[in-house]
Amino acid sequence: MAAAAVTLPSSGTPFAVATTASSSSARRCLLLPSAAPRRALRVVASAATEAPPKPTQPPTSPSGIVLVDPSEAQKVHRLKAVYDQKVVPLITEEFGYTNVHQVPKLEKIVVNCGLGAEAGNSKGLDAAMKDLAMITGQWPVKTKARKSVASFKIREGNTIGIAVTLRGRIMYNFLDRLINLGLPRTMDFLGVNPNSFDGHGNYSLGLRDQGVFPEIPYEVGGKKNGMDVSIVTSAKTDNEAFRLLVLLGMPFSENIKTDVVIRKKRLNRHHFLSKGKGKGGRR
């Protein structure tokens, strides 16, 4: 059997032609390559049309700070795991809860930073927002004045500070770093005040210097910005919220008694009068 090459007009690929000499009239048949299965063709076509996946980059703020990736924010933090595995059974047994929804938990953490005179300076405002974003991992918002105060030179609508509200994994991440990094690095730290509850299960504390966090570089002679941290819980009483924060690792001071309420001395009218015109003085 002799083979010859034939070129089709529609394609430039040569195909083999088989000629049989057994019969009187020579038969010629075109030997085409075997066709691939349809499923294979579809897979190859889909693979060719799909573009290669691009590497995902974490979101950035307007100033270029790398914030927390949304996919990372959904992962369980170690402090959340401690709450689920250790805190919930202990506090349930201690207070005798019958439903898991009665167990107090963290709802949100609000970090507020007042700027004072730096609020009118655009560079100081941008620097403060950048520092707070590096500490919390979330870009803050500007807080506006609700009313005008002439003595403080504040007009309604002026920017007076910045704030950020943390929830979910970012909240547990910030609380973990506050308890284990920020507070221990505070100068002459003897524990936080256990009397700073508001009566509804929420706790507030203040920091005079943001430099206790390792993200903020130490500057000699630089201005130190403080911030207020408000921890909002679902506890109905301060005792439950206090026990929740203790089990999470909040270092409360043992020198301050929780059953003693510090009250300010009530001032009478004669305290505001000038010398010699008060109670028992000359008239």
# chains A, B, ... in the order shown; residues from 1 in each chain; ligands from 1
>>> residues_around(residues="segment 204-217 of chain A", least_positions_apart="3", cutoff="8 Å", atoms="only C-alpha atoms", output="ChimeraX atom specification")
/A:131,134-135,178,181-183,185-186,192-193,196-197,224-231
>>> residues_around(residues="Leu106 of chain A", least_positions_apart="2", cutoff="9 Å", atoms="only C-alpha atoms", output="list of chain:residue names")
A:Pro104, A:Lys108, A:Ile109, A:Arg167, A:Met171, A:Tyr172, A:Ile231, A:Val232, A:Thr233, A:Ser234, A:Ala235, A:Leu244
>>> write_last_selection(atoms="N, CA and C atoms", output="mmCIF file, in the first residue's frame")
data_model
loop_
_atom_site.group_PDB
_atom_site.id
_atom_site.type_symbol
_atom_site.label_atom_id
_atom_site.label_comp_id
_atom_site.auth_asym_id
_atom_site.auth_seq_id
_atom_site.Cartn_x
_atom_site.Cartn_y
_atom_site.Cartn_z
ATOM 1 N N PRO A 104 -22.290 36.852 78.746
ATOM 2 C CA PRO A 104 -21.847 38.162 78.220
ATOM 3 C C PRO A 104 -20.705 37.996 77.232
ATOM 4 N N LYS A 108 -18.375 45.499 70.744
ATOM 5 C CA LYS A 108 -17.548 46.399 69.947
ATOM 6 C C LYS A 108 -16.596 47.152 70.867
ATOM 7 N N ILE A 109 -15.580 47.732 70.272
ATOM 8 C CA ILE A 109 -14.611 48.579 70.970
ATOM 9 C C ILE A 109 -14.501 49.879 70.188
ATOM 10 N N ARG A 167 -14.998 45.763 65.391
ATOM 11 C CA ARG A 167 -15.860 44.601 65.627
ATOM 12 C C ARG A 167 -15.178 43.355 65.066
ATOM 13 N N MET A 171 -11.497 43.506 66.465
ATOM 14 C CA MET A 171 -11.740 43.895 67.856
ATOM 15 C C MET A 171 -10.927 43.016 68.806
ATOM 16 N N TYR A 172 -10.964 41.694 68.611
ATOM 17 C CA TYR A 172 -10.202 40.798 69.472
ATOM 18 C C TYR A 172 -8.698 41.001 69.288
ATOM 19 N N ILE A 231 -14.947 49.744 75.890
ATOM 20 C CA ILE A 231 -15.245 48.341 75.603
ATOM 21 C C ILE A 231 -16.724 48.110 75.907
ATOM 22 N N VAL A 232 -17.501 47.826 74.884
ATOM 23 C CA VAL A 232 -18.946 47.626 75.017
ATOM 24 C C VAL A 232 -19.218 46.129 75.056
ATOM 25 N N THR A 233 -19.893 45.676 76.113
ATOM 26 C CA THR A 233 -20.223 44.265 76.283
ATOM 27 C C THR A 233 -21.743 44.101 76.343
ATOM 28 N N SER A 234 -22.174 42.860 76.247
ATOM 29 C CA SER A 234 -23.598 42.546 76.347
ATOM 30 C C SER A 234 -24.013 42.208 77.772
ATOM 31 N N ALA A 235 -23.135 42.420 78.757
ATOM 32 C CA ALA A 235 -23.456 42.115 80.150
ATOM 33 C C ALA A 235 -24.482 43.105 80.686
ATOM 34 N N LEU A 244 -15.960 39.000 83.074
ATOM 35 C CA LEU A 244 -15.638 38.689 81.681
ATOM 36 C C LEU A 244 -14.268 39.241 81.310
#
>>> closest_residue(among="A:Asn202, A:Asn195, A:Gln85, A:Thr237", to="Val110 of chain A", atoms="only C-alpha atoms")
A:Asn202
>>> select_by_dssp(residues="segment 166-255 of chain A", states="strand (DSSP E or B)", output="MDAnalysis selection string")
chainID A and resid 166 192 197 203:207 227:233 252
>>> write_last_selection(atoms="N, CA, C and O atoms", output="short mmCIF file (atom, residue, chain, number, x, y, z; two decimals), in the first residue's frame")
data_model
loop_
_atom_site.label_atom_id
_atom_site.label_comp_id
_atom_site.auth_asym_id
_atom_site.auth_seq_id
_atom_site.Cartn_x
_atom_site.Cartn_y
_atom_site.Cartn_z
N LEU A 166 -14.41 49.13 66.25
CA LEU A 166 -13.86 47.82 65.90
C LEU A 166 -14.85 46.73 66.27
O LEU A 166 -15.46 46.77 67.35
N VAL A 192 -5.29 48.75 85.77
CA VAL A 192 -6.35 49.69 85.39
C VAL A 192 -7.37 49.78 86.51
O VAL A 192 -7.49 48.90 87.37
N PHE A 197 -16.52 51.30 85.27
CA PHE A 197 -17.71 50.78 84.59
C PHE A 197 -18.83 51.82 84.67
O PHE A 197 -18.92 52.58 85.64
N TYR A 203 -17.02 49.25 79.85
CA TYR A 203 -15.80 49.69 80.54
C TYR A 203 -15.03 50.66 79.66
O TYR A 203 -14.95 50.48 78.45
N SER A 204 -14.45 51.70 80.30
CA SER A 204 -13.69 52.72 79.58
C SER A 204 -12.37 52.95 80.29
O SER A 204 -12.30 52.93 81.53
N LEU A 205 -11.35 53.16 79.50
CA LEU A 205 -10.02 53.49 80.03
C LEU A 205 -9.34 54.45 79.08
O LEU A 205 -9.72 54.57 77.91
N GLY A 206 -8.35 55.13 79.61
CA GLY A 206 -7.64 56.13 78.81
C GLY A 206 -6.14 55.89 78.82
O GLY A 206 -5.57 55.41 79.81
N LEU A 207 -5.50 56.23 77.71
CA LEU A 207 -4.06 56.14 77.56
C LEU A 207 -3.52 57.53 77.24
O LEU A 207 -4.04 58.19 76.34
N MET A 227 -5.53 58.57 73.88
CA MET A 227 -6.77 58.06 73.29
C MET A 227 -7.60 57.40 74.38
O MET A 227 -7.07 56.98 75.43
N ASP A 228 -8.89 57.34 74.15
CA ASP A 228 -9.85 56.72 75.04
C ASP A 228 -10.36 55.43 74.40
O ASP A 228 -10.70 55.42 73.21
N VAL A 229 -10.44 54.39 75.19
CA VAL A 229 -10.89 53.08 74.71
C VAL A 229 -12.14 52.70 75.49
O VAL A 229 -12.10 52.64 76.73
N SER A 230 -13.24 52.47 74.78
CA SER A 230 -14.51 52.07 75.39
C SER A 230 -14.85 50.65 74.93
O SER A 230 -15.00 50.41 73.73
N ILE A 231 -14.95 49.74 75.89
CA ILE A 231 -15.24 48.34 75.60
C ILE A 231 -16.72 48.11 75.91
O ILE A 231 -17.15 48.21 77.07
N VAL A 232 -17.50 47.83 74.88
CA VAL A 232 -18.95 47.63 75.02
C VAL A 232 -19.22 46.13 75.06
O VAL A 232 -18.81 45.39 74.15
N THR A 233 -19.89 45.68 76.11
CA THR A 233 -20.22 44.26 76.28
C THR A 233 -21.74 44.10 76.34
O THR A 233 -22.49 45.07 76.49
N PHE A 252 -6.60 44.35 86.10
CA PHE A 252 -7.19 45.32 87.02
C PHE A 252 -6.29 45.48 88.24
O PHE A 252 -5.59 44.56 88.67
#
>>> atom_distance(atom1="atom CA of Ala241 of chain A", atom2="atom CA of Glu107 of chain A")
11.8 Å
>>> closest_residue(among="A:Glu240, A:Asp126, A:Glu156, A:Asp188", to="Val103 of chain A", atoms="only C-alpha atoms")
A:Glu240
>>> closest_residue(among="A:Gly116, A:Met250, A:Tyr97, A:Arg177", to="Phe152 of chain A", atoms="only C-alpha atoms")
A:Gly116
>>> atom_distance(atom1="atom CA of Ile179 of chain A", atom2="atom CA of Leu245 of chain A")
10.3 Å
>>> residues_around(residues="segment 136-144 of chain A", least_positions_apart="4", cutoff="8 Å", atoms="only C-alpha atoms", output="JSON, numbers by chain")
{"A": [61, 67, 68, 129, 130, 132, 156, 157, 158, 159, 160, 161, 162, 163, 164, 165, 166, 170, 174]}
>>> atom_distance(atom1="atom CA of Asn180 of chain A", atom2="atom CA of His101 of chain A")
28.1 Å
